[in-house]
Each structure stands twice: as C-alpha cells, then as structure tokens.
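Here's the structure we're looking at; comments come further down.
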2 protein chains.
Amino acid sequence: MDKEISQAVIRRLPRYYRYLGELLDDGIERISSNDLSARMHVTASQIRQDLNNFGGFGQQGYGYNVAYLREEIGNILGVNDVHNVIVIGAGNLGQAIANYVKFEKVGFKIIGLFDVNPELEGKVVRDLPIMMLDDLPKFLENNKVEIAALTLPKHNAKATALKLVSLGVTSIWNFAHVDLDDIEGLVVENVHLSDSLMQLSYNISQHKK
Amino acid sequence: MDKEISQAVIRRLPRYYRYLGELLDDGIERISSNDLSARMHVTASQIRQDLNNFGGFGQQGYGYNVAYLREEIGNILGVNDVHNVIVIGAGNLGQAIANYVKFEKVGFKIIGLFDVNPELEGKVVRDLPIMMLDDLPKFLENNKVEIAALTLPKHNAKATALKLVSLGVTSIWNFAHVDLDDIEGLVVENVHLSDSLMQLSYNISQHKK
C-alpha cells in the first residue's frame, strides 16, 4: 500500500473505520456502497472513490468485505499498532482522557499521567499514580512514549512542548488553547474545544435565520 | 453585517478571535496584516481576504484595530451573547467540561449537569449539584437552555438527542462517538476524540517516512 492518498480522503477515514466497526458489531460481513451510503449520509459515488484507494475489493455484485476493509483502513491509520501515550496536566480534562477506556481499543495506551501540582502526586487515576513533571525525564528513560496529550493551561503549553521535543517525544495531542504548529520536529493534532463551541454558536445563529 | 460569509472563512474565525484576544491581553491596539501573518503563520493575503468580509477597517498605513475587529468577529460567532449550556453525562468528561471556566469567557455558561447514575445524584461540580435525567423536563420549564453537551456512551446518545429535541433543546455539542447529523431540526457540532487520535497516528506514520 505505497500509493499516495490525499489528505481529504485521510480525514474521512476515521469515520469509515467507525462505521465499519459498527457493522462488524452488528454481524454484517459485507455491504454495498449504496447501503453504506445510506448509513453514512455520504454519496455512494464518494464512497466508491474514497475506497478505491484501497483497491482489490468492492466488486460488482458483492460489495465491500467489512472486516477486510476495516483492517486495511486501520493499517493506514496506524490503529493496529500500539501507541504509548502520556498525559501532561492531570486536572479534570487530563483525568477524563486517562479514564477513556475506548482509546485503547484503537491502539492508544495511556501509560503515565503528570502534573506540577504536588497535591495531586500519587493520586491514582485508572491504576496510574499521578507523577510530578520533574519525574518525566526518568520515566522516558524507562518507557517508550510516542504521544503526549497536553491538557494544561495555555501559558505552560509551549514550554512543555519544547521540553517534550528535547526529551524525544515528538507527537502532541494538544488540548491547550494555543497553536504549537510552529515547533520544529513536532507532529501536532489540535482539539480546540472553545473553537468548536464558537463554530456551534455560529451555526445556531444561522439556523435561526 | 448581512453579507454572506463563506463557511471556509467562518471555520477560520475562532482562530482569529483567539489571536486578537491575545494581542489585546498584550496591550496591542492595532496590527498590520503582515505582523498578524507572522504570528498566525497564515499568508498576509489570506488574512486580508478573510478580514475584508468585515470591511471598514484595515486601512493602508494603519493596520487593523484589534479591539474593533475582535468585537466584530465575536458578534458574527455569537460569543458576545450568553448561551446557556447543560451537560448530559456527568462522568469524567462531563465533569471536565463543567469545570472549564474558560468557556464562560466566550459566552457559554454551564447551568446544569445531568446523569442517569443515582450514585452521582447531588454530587456538586463547580457549584452545580448533579441532577437525574428524569428531572430534565422540569428543569427546562424553569430554565432557558440553548445547548446540550452530550458526554455519554454512544448507545445512549441518539435516544437522548431525540428526547432533547422533543423538549425544545435543538443544539448539541456532541462528544459521543456517533453521528447525530441526520436528526431533523438539530444543530450538531461534533468532537470525536478517537477520530482525532487516529488522524494524529496517521500523521505520525507519515512523519516517520
């Protein structure tokens, strides 16, 4: 699977992956692009175009093999590997992230939870005792960590990201309300919750018109 | 301000709003598109095109009036109004959302927190006692609610959304890992955290190449 796939298709893949998982859960082994279209509210033509990138199935009169297609998409997305994740910022959001059992099902394993607040030290969240940020270098010597979720105030985010890069953690799932995309060597995925709420309020105002 | 603005511009507005707020915090009253471009890592031409939608400022040799531009963008996004929000699902994520002081600064006020788990009843989260979902109809009689944040398991999400619509709450900030976009009369903004993680893992795999 060396063919290059466009970013637009890639952004749609997690949703296909999710729907294919639901089909599997429902015991459905194969599905036509028309049926998938009706479920996903996407045109059948779009589905055929998107999934043609993973060629070799989706034959006329058969449809898609659900398990095979899901596996292929999972491989592209990298969810069939295990990614070790640490959470920096053990406040409410950090603890919520650490408690999300579901992430493990798609290959993301939370193995450490860090904060700077000494009152939180040793508090156990889902079998993980909260550690102090000063202990991070030592932790990273003994544990392979691929991703850091940043769930901390924005004024600490950039310095923490730079520290992570210097320690060899180069992928950040960023919940801090600040952009980190200009840091050299870092892969960043942002979850800007306030931006999402503003988008919602805009759409509400349009809906009322 | 009746001119229609494209969705692509609208999606970029929260980020402008955030940067303009940071400029104000730094005491900066006006800024050229070039300086804003350097801060935001967007071309100056893109900034001029985007902000021309809000005409009447951005004059040659003066630049943009930061406070005025922020106010205008805030009006478009509706963040200068107050939106009452309830949270359905008072687990870790729901409590994290309820505890986010920052949302109030952009006009979103959490006024109620609901769950179906009787063990949570009455537990206080940021001055709000958790209520039972059965109490929701009565609560809505006495409180104007515009938005419901759904932070509950996916198998309960659709039925809850339908119930909310029937009770007159027609805007949902959806954290459940399921699409609700096909429900008539509902405005939905999705935060699919697992999808975001998968996007990150894809980008990590590309970065390694």
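The way I read the labels, and the way they are meant: chains A, B, ... in the order of the structure tokens, residue 1 as the first residue of every chain, and ligand 1 as the first ligand shown, with later ones counted on from there.
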I need the contact residues of chain A against chain B, so if you could list those with any atom within 7 Å, counting only C-alpha atoms, and return them as an MDAnalysis selection string, that would help.
chainID A and resid 11 14 76:79 92:93 96 103 187 189 194:195 198:202 204
Selected residues written out, all heavy atoms, as a short mmCIF file (atom, residue, chain, number, x, y, z; two decimals), in the first residue's frame:
data_model
loop_
_atom_site.label_atom_id
_atom_site.label_comp_id
_atom_site.auth_asym_id
_atom_site.auth_seq_id
_atom_site.Cartn_x
_atom_site.Cartn_y
_atom_site.Cartn_z
N ARG A 11 -8.69 12.37 6.05
CA ARG A 11 -9.53 12.97 7.09
C ARG A 11 -10.88 12.25 7.21
O ARG A 11 -11.49 12.28 8.26
CB ARG A 11 -9.78 14.46 6.80
CG ARG A 11 -8.71 15.37 7.37
CD ARG A 11 -9.13 16.83 7.35
NE ARG A 11 -9.32 17.31 5.99
CZ ARG A 11 -8.32 17.79 5.23
NH1 ARG A 11 -7.11 17.86 5.70
NH2 ARG A 11 -8.56 18.21 4.00
N PRO A 14 -11.22 7.98 9.53
CA PRO A 14 -11.67 7.55 10.86
C PRO A 14 -13.19 7.29 10.90
O PRO A 14 -13.64 6.40 11.61
CB PRO A 14 -11.29 8.73 11.78
CG PRO A 14 -10.11 9.34 11.10
CD PRO A 14 -10.42 9.22 9.62
N ILE A 76 -3.74 1.78 7.57
CA ILE A 76 -3.37 3.12 7.07
C ILE A 76 -3.31 4.10 8.23
O ILE A 76 -2.39 4.90 8.35
CB ILE A 76 -4.42 3.62 6.05
CG1 ILE A 76 -4.43 2.75 4.81
CG2 ILE A 76 -4.17 5.09 5.70
CD1 ILE A 76 -3.28 2.97 3.90
N LEU A 77 -4.32 4.03 9.11
CA LEU A 77 -4.41 4.99 10.21
C LEU A 77 -3.43 4.64 11.34
O LEU A 77 -3.20 5.45 12.23
CB LEU A 77 -5.84 5.03 10.77
CG LEU A 77 -6.89 5.65 9.84
CD1 LEU A 77 -8.28 5.49 10.44
CD2 LEU A 77 -6.59 7.14 9.62
N GLY A 78 -2.90 3.43 11.30
CA GLY A 78 -1.94 3.04 12.33
C GLY A 78 -2.58 2.61 13.63
O GLY A 78 -1.92 2.56 14.67
N VAL A 79 -3.87 2.29 13.61
CA VAL A 79 -4.54 1.94 14.87
C VAL A 79 -4.36 0.47 15.22
O VAL A 79 -4.77 0.03 16.29
CB VAL A 79 -6.05 2.26 14.85
CG1 VAL A 79 -6.27 3.74 14.64
CG2 VAL A 79 -6.78 1.46 13.80
N ASN A 92 -9.05 18.03 35.55
CA ASN A 92 -10.26 17.30 35.15
C ASN A 92 -10.16 16.70 33.76
O ASN A 92 -10.48 15.54 33.55
CB ASN A 92 -11.47 18.25 35.19
CG ASN A 92 -11.87 18.56 36.62
OD1 ASN A 92 -12.37 17.70 37.31
ND2 ASN A 92 -11.63 19.78 37.05
N LEU A 93 -9.71 17.52 32.83
CA LEU A 93 -9.65 17.03 31.45
C LEU A 93 -8.62 15.92 31.31
O LEU A 93 -8.89 14.89 30.70
CB LEU A 93 -9.36 18.19 30.49
CG LEU A 93 -9.38 17.82 29.00
CD1 LEU A 93 -10.74 17.25 28.58
CD2 LEU A 93 -9.03 19.02 28.14
N ALA A 96 -10.00 12.86 32.70
CA ALA A 96 -11.04 12.32 31.81
C ALA A 96 -10.40 11.55 30.65
O ALA A 96 -10.83 10.45 30.31
CB ALA A 96 -11.92 13.45 31.28
N PHE A 103 -10.06 4.58 24.07
CA PHE A 103 -8.86 4.87 23.28
C PHE A 103 -7.99 3.63 23.09
O PHE A 103 -7.36 3.45 22.07
CB PHE A 103 -8.03 5.99 23.93
CG PHE A 103 -8.73 7.31 23.98
CD1 PHE A 103 -8.48 8.20 25.02
CD2 PHE A 103 -9.63 7.68 22.99
CE1 PHE A 103 -9.12 9.44 25.07
CE2 PHE A 103 -10.29 8.92 23.04
CZ PHE A 103 -10.02 9.79 24.08
N VAL A 187 4.88 16.75 15.60
CA VAL A 187 3.62 16.44 14.92
C VAL A 187 2.50 16.79 15.91
O VAL A 187 2.48 16.29 17.03
CB VAL A 187 3.53 14.95 14.54
CG1 VAL A 187 2.20 14.66 13.85
CG2 VAL A 187 4.69 14.56 13.64
N GLU A 189 -1.71 17.42 16.74
CA GLU A 189 -3.13 17.36 16.41
C GLU A 189 -3.86 18.17 17.48
O GLU A 189 -3.71 17.92 18.68
CB GLU A 189 -3.61 15.90 16.39
CG GLU A 189 -5.10 15.70 16.32
CD GLU A 189 -5.70 15.95 14.92
OE1 GLU A 189 -4.93 16.02 13.94
OE2 GLU A 189 -6.93 16.08 14.85
N SER A 194 -12.88 25.40 22.71
CA SER A 194 -13.55 26.70 22.60
C SER A 194 -13.87 27.04 21.15
O SER A 194 -14.95 27.56 20.85
CB SER A 194 -12.69 27.81 23.20
OG SER A 194 -12.47 27.60 24.56
N ASP A 195 -12.94 26.73 20.26
CA ASP A 195 -13.19 27.00 18.84
C ASP A 195 -14.40 26.21 18.36
O ASP A 195 -15.22 26.72 17.59
CB ASP A 195 -11.97 26.61 17.98
CG ASP A 195 -10.79 27.56 18.17
OD1 ASP A 195 -10.82 28.37 19.10
OD2 ASP A 195 -9.83 27.46 17.39
N MET A 198 -17.56 27.87 19.50
CA MET A 198 -17.84 29.07 18.71
C MET A 198 -18.43 28.70 17.36
O MET A 198 -19.34 29.36 16.86
CB MET A 198 -16.57 29.89 18.50
CG MET A 198 -16.08 30.58 19.76
SD MET A 198 -14.65 31.63 19.35
CE MET A 198 -13.69 31.40 20.83
N GLN A 199 -17.89 27.65 16.76
CA GLN A 199 -18.44 27.16 15.49
C GLN A 199 -19.91 26.77 15.68
O GLN A 199 -20.77 27.08 14.87
CB GLN A 199 -17.61 25.95 15.04
CG GLN A 199 -17.98 25.36 13.69
CD GLN A 199 -17.43 26.19 12.55
OE1 GLN A 199 -16.36 26.77 12.67
NE2 GLN A 199 -18.17 26.28 11.47
N LEU A 200 -20.18 26.11 16.81
CA LEU A 200 -21.56 25.73 17.12
C LEU A 200 -22.45 26.95 17.26
O LEU A 200 -23.56 27.01 16.72
CB LEU A 200 -21.59 24.87 18.40
CG LEU A 200 -22.98 24.44 18.88
CD1 LEU A 200 -23.72 23.64 17.82
CD2 LEU A 200 -22.88 23.61 20.17
N SER A 201 -21.97 27.96 18.00
CA SER A 201 -22.83 29.11 18.22
C SER A 201 -23.09 29.85 16.92
O SER A 201 -24.19 30.35 16.67
CB SER A 201 -22.29 30.03 19.32
OG SER A 201 -21.34 30.92 18.82
N TYR A 202 -22.08 29.87 16.02
CA TYR A 202 -22.32 30.46 14.70
C TYR A 202 -23.41 29.70 13.96
O TYR A 202 -24.34 30.29 13.41
CB TYR A 202 -21.04 30.48 13.87
CG TYR A 202 -21.30 30.97 12.46
CD1 TYR A 202 -21.46 32.31 12.20
CD2 TYR A 202 -21.46 30.06 11.41
CE1 TYR A 202 -21.76 32.76 10.92
CE2 TYR A 202 -21.77 30.50 10.13
CZ TYR A 202 -21.91 31.86 9.90
OH TYR A 202 -22.22 32.29 8.63
N ILE A 204 -25.76 27.88 15.16
CA ILE A 204 -27.05 28.13 15.80
C ILE A 204 -27.66 29.43 15.27
O ILE A 204 -28.82 29.49 14.92
CB ILE A 204 -26.89 28.20 17.33
CG1 ILE A 204 -26.52 26.83 17.90
CG2 ILE A 204 -28.19 28.71 17.99
CD1 ILE A 204 -26.12 26.86 19.38
#
Extract the full set of strand (DSSP E) residues from chain B according to DSSP on the backbone, and format it as a PyMOL selection string.
chain B and resi 30-31+64-65+83-88+108-115+124-125+128-129+131-132+147-150+171-174+187-190
Create the file for the chosen residues now, containing N, CA, C and O atoms and written as a tab-separated table (two decimals), in the first residue's frame.
chain	number	residue	atom	x	y	z
B	30	ARG	N	-3.33	47.96	17.64
B	30	ARG	CA	-3.52	47.79	16.20
B	30	ARG	C	-2.39	46.94	15.64
B	30	ARG	O	-1.31	46.87	16.23
B	31	ILE	N	-2.66	46.29	14.52
B	31	ILE	CA	-1.66	45.39	13.95
B	31	ILE	C	-1.82	45.36	12.43
B	31	ILE	O	-2.93	45.41	11.91
B	64	TYR	N	-5.03	46.91	11.36
B	64	TYR	CA	-6.33	46.58	11.93
B	64	TYR	C	-6.44	47.11	13.35
B	64	TYR	O	-5.50	47.00	14.14
B	65	ASN	N	-7.62	47.62	13.68
B	65	ASN	CA	-7.93	47.97	15.05
B	65	ASN	C	-8.32	46.67	15.77
B	65	ASN	O	-9.36	46.06	15.48
B	83	HIS	N	-24.87	31.98	26.06
B	83	HIS	CA	-25.57	30.74	25.71
B	83	HIS	C	-25.60	29.83	26.93
B	83	HIS	O	-24.56	29.47	27.45
B	84	ASN	N	-26.81	29.47	27.35
B	84	ASN	CA	-26.90	28.52	28.46
B	84	ASN	C	-26.70	27.09	27.96
B	84	ASN	O	-27.28	26.68	26.96
B	85	VAL	N	-25.87	26.36	28.68
B	85	VAL	CA	-25.49	25.01	28.28
B	85	VAL	C	-25.80	24.04	29.42
B	85	VAL	O	-25.58	24.36	30.59
B	86	ILE	N	-26.34	22.87	29.08
B	86	ILE	CA	-26.40	21.78	30.05
B	86	ILE	C	-25.50	20.66	29.56
B	86	ILE	O	-25.24	20.54	28.37
B	87	VAL	N	-25.02	19.87	30.52
B	87	VAL	CA	-24.16	18.75	30.19
B	87	VAL	C	-24.91	17.47	30.55
B	87	VAL	O	-25.37	17.31	31.68
B	88	ILE	N	-25.05	16.58	29.57
B	88	ILE	CA	-25.75	15.31	29.80
B	88	ILE	C	-24.70	14.21	29.82
B	88	ILE	O	-24.09	13.90	28.79
B	108	PHE	N	-20.37	30.93	26.96
B	108	PHE	CA	-21.07	29.68	27.20
B	108	PHE	C	-21.12	29.38	28.70
B	108	PHE	O	-20.09	29.17	29.33
B	109	LYS	N	-22.33	29.36	29.24
B	109	LYS	CA	-22.49	29.21	30.68
B	109	LYS	C	-23.14	27.86	31.00
B	109	LYS	O	-24.27	27.59	30.57
B	110	ILE	N	-22.42	27.04	31.74
B	110	ILE	CA	-22.97	25.73	32.09
B	110	ILE	C	-23.90	25.90	33.28
B	110	ILE	O	-23.46	26.35	34.35
B	111	ILE	N	-25.16	25.56	33.10
B	111	ILE	CA	-26.12	25.80	34.18
B	111	ILE	C	-26.73	24.51	34.74
B	111	ILE	O	-27.51	24.56	35.69
B	112	GLY	N	-26.39	23.36	34.17
B	112	GLY	CA	-26.94	22.11	34.70
B	112	GLY	C	-26.13	20.92	34.23
B	112	GLY	O	-25.55	20.95	33.15
B	113	LEU	N	-26.13	19.90	35.07
B	113	LEU	CA	-25.31	18.70	34.82
B	113	LEU	C	-26.18	17.50	35.16
B	113	LEU	O	-26.69	17.40	36.29
B	114	PHE	N	-26.39	16.61	34.20
B	114	PHE	CA	-27.35	15.51	34.37
B	114	PHE	C	-26.70	14.16	34.14
B	114	PHE	O	-25.77	14.04	33.34
B	115	ASP	N	-27.24	13.15	34.82
B	115	ASP	CA	-26.77	11.79	34.60
B	115	ASP	C	-27.92	10.83	34.93
B	115	ASP	O	-28.97	11.25	35.43
B	124	VAL	N	-21.64	17.68	43.92
B	124	VAL	CA	-21.51	19.06	43.44
B	124	VAL	C	-20.26	19.24	42.58
B	124	VAL	O	-19.15	18.91	43.00
B	125	VAL	N	-20.44	19.72	41.37
B	125	VAL	CA	-19.34	20.01	40.46
B	125	VAL	C	-19.41	21.50	40.14
B	125	VAL	O	-20.36	21.96	39.51
B	128	LEU	N	-22.57	23.20	40.91
B	128	LEU	CA	-23.77	22.60	40.32
B	128	LEU	C	-23.97	21.19	40.87
B	128	LEU	O	-23.11	20.33	40.68
B	129	PRO	N	-25.11	20.95	41.57
B	129	PRO	CA	-25.38	19.59	42.01
B	129	PRO	C	-25.83	18.75	40.80
B	129	PRO	O	-26.66	19.19	40.02
B	131	MET	N	-27.88	16.45	38.64
B	131	MET	CA	-29.30	16.08	38.67
B	131	MET	C	-29.52	14.80	37.87
B	131	MET	O	-28.68	14.41	37.07
B	132	MET	N	-30.67	14.18	38.13
B	132	MET	CA	-31.03	12.97	37.39
B	132	MET	C	-31.73	13.37	36.08
B	132	MET	O	-32.48	14.35	36.03
B	147	ILE	N	-28.01	24.93	24.47
B	147	ILE	CA	-27.09	23.89	24.00
B	147	ILE	C	-26.99	22.78	25.03
B	147	ILE	O	-26.92	23.03	26.23
B	148	ALA	N	-27.01	21.52	24.55
B	148	ALA	CA	-26.70	20.40	25.42
B	148	ALA	C	-25.40	19.76	24.96
B	148	ALA	O	-25.25	19.43	23.78
B	149	ALA	N	-24.46	19.63	25.88
B	149	ALA	CA	-23.23	18.88	25.60
B	149	ALA	C	-23.51	17.42	25.93
B	149	ALA	O	-23.94	17.11	27.05
B	150	LEU	N	-23.33	16.54	24.98
B	150	LEU	CA	-23.55	15.10	25.22
B	150	LEU	C	-22.23	14.41	25.49
B	150	LEU	O	-21.42	14.20	24.60
B	171	SER	N	-29.75	22.24	19.94
B	171	SER	CA	-28.33	22.36	19.58
B	171	SER	C	-27.51	21.44	20.47
B	171	SER	O	-27.63	21.48	21.69
B	172	ILE	N	-26.69	20.63	19.83
B	172	ILE	CA	-25.92	19.64	20.58
B	172	ILE	C	-24.44	19.74	20.29
B	172	ILE	O	-24.02	19.82	19.12
B	173	TRP	N	-23.69	19.77	21.37
B	173	TRP	CA	-22.23	19.68	21.28
B	173	TRP	C	-21.91	18.22	21.60
B	173	TRP	O	-21.97	17.80	22.76
B	174	ASN	N	-21.61	17.47	20.57
B	174	ASN	CA	-21.63	16.01	20.68
B	174	ASN	C	-20.25	15.39	20.87
B	174	ASN	O	-19.43	15.38	19.96
B	187	VAL	N	-29.03	21.15	15.43
B	187	VAL	CA	-27.73	21.70	15.02
B	187	VAL	C	-26.68	20.97	15.84
B	187	VAL	O	-26.74	20.96	17.08
B	188	VAL	N	-25.73	20.33	15.17
B	188	VAL	CA	-24.76	19.48	15.87
B	188	VAL	C	-23.34	19.93	15.57
B	188	VAL	O	-23.00	20.22	14.42
B	189	GLU	N	-22.53	19.99	16.59
B	189	GLU	CA	-21.08	20.16	16.42
B	189	GLU	C	-20.42	18.97	17.11
B	189	GLU	O	-20.64	18.72	18.29
B	190	ASN	N	-19.63	18.23	16.34
B	190	ASN	CA	-19.03	17.01	16.86
B	190	ASN	C	-17.62	17.23	17.38
B	190	ASN	O	-16.84	17.95	16.77
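For stretch 104-197 of chain B, backbone-based DSSP labels the following residues as alpha helix (DSSP H): Glu104, Lys105, Leu136, Pro137, Lys138, Phe139, Leu140, Glu141, Asn142, Lys154, His155, Asn156, Ala157, Lys158, Ala159, Thr160, Ala161, Leu162, Lys163, Leu164, Val165, Ser166, Leu193, Ser194, Asp195, Ser196 and Leu197 of chain B.
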Proximity to A:Val169 - best of A:Lys154, A:Glu184, A:Leu140, A:Leu120, only C-alpha atoms
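Using only C-alpha atoms, the shortest distance to A:Val169 belongs to A:Leu140.
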One decimal, in Å: what's the spacing between atom CA of B:Asn53 and atom CA of B:Ser6?
9.4 Å
Atom CA of B:Gln46 and atom CA of B:Val66 are how many Å apart?
17.3 Å
Report, in Å to a single decimal, how far apart atom CA of A:Glu29 and atom CA of A:Asn80 are.
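Taking atom CA of A:Asn80 and atom CA of A:Glu29, their separation equals 19.7 Å.
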Which residues are close to B:Leu20, i.e. within 8 Å by only C-alpha atoms, leaving aside same-chain residues fewer than 3 positions away? Reply as a PyMOL selection string.
chain B and resi 16-17+23-24+66-67+69-70
Limited to N, CA and C atoms, could you put the picked residues into a file as a PDB file, in the first residue's frame?
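Result written to selection.pdb:
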ATOM      1  N   TYR B  16      -8.793  33.484  14.504  1.00  0.00           N
ATOM      2  CA  TYR B  16      -8.566  34.937  14.523  1.00  0.00           C
ATOM      3  C   TYR B  16      -9.004  35.511  15.864  1.00  0.00           C
ATOM      4  N   TYR B  17     -10.166  35.112  16.311  1.00  0.00           N
ATOM      5  CA  TYR B  17     -10.714  35.632  17.568  1.00  0.00           C
ATOM      6  C   TYR B  17      -9.740  35.386  18.720  1.00  0.00           C
ATOM      7  N   LEU B  23      -3.553  39.460  21.500  1.00  0.00           N
ATOM      8  CA  LEU B  23      -2.975  40.787  21.226  1.00  0.00           C
ATOM      9  C   LEU B  23      -3.503  41.803  22.228  1.00  0.00           C
ATOM     10  N   LEU B  24      -4.810  41.787  22.467  1.00  0.00           N
ATOM     11  CA  LEU B  24      -5.402  42.704  23.451  1.00  0.00           C
ATOM     12  C   LEU B  24      -4.780  42.494  24.821  1.00  0.00           C
ATOM     13  N   VAL B  66      -7.469  46.248  16.690  1.00  0.00           N
ATOM     14  CA  VAL B  66      -7.585  44.912  17.283  1.00  0.00           C
ATOM     15  C   VAL B  66      -8.918  44.730  18.027  1.00  0.00           C
ATOM     16  N   ALA B  67      -9.240  45.709  18.886  1.00  0.00           N
ATOM     17  CA  ALA B  67     -10.452  45.568  19.706  1.00  0.00           C
ATOM     18  C   ALA B  67     -11.707  45.545  18.839  1.00  0.00           C
ATOM     19  N   LEU B  69     -11.979  44.793  15.596  1.00  0.00           N
ATOM     20  CA  LEU B  69     -12.041  43.598  14.760  1.00  0.00           C
ATOM     21  C   LEU B  69     -12.476  42.385  15.588  1.00  0.00           C
ATOM     22  N   ARG B  70     -11.937  42.293  16.807  1.00  0.00           N
ATOM     23  CA  ARG B  70     -12.301  41.171  17.669  1.00  0.00           C
ATOM     24  C   ARG B  70     -13.783  41.208  18.022  1.00  0.00           C
TER      25      ARG B  70
END
Rank B:Thr151, B:Asn156, B:Asn34, B:Ser166 by their smallest atom-to-atom distance to B:Gly89, using only C-alpha atoms, and report the top residue only.
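With only C-alpha atoms as the atom set, the closest residue is B:Thr151.
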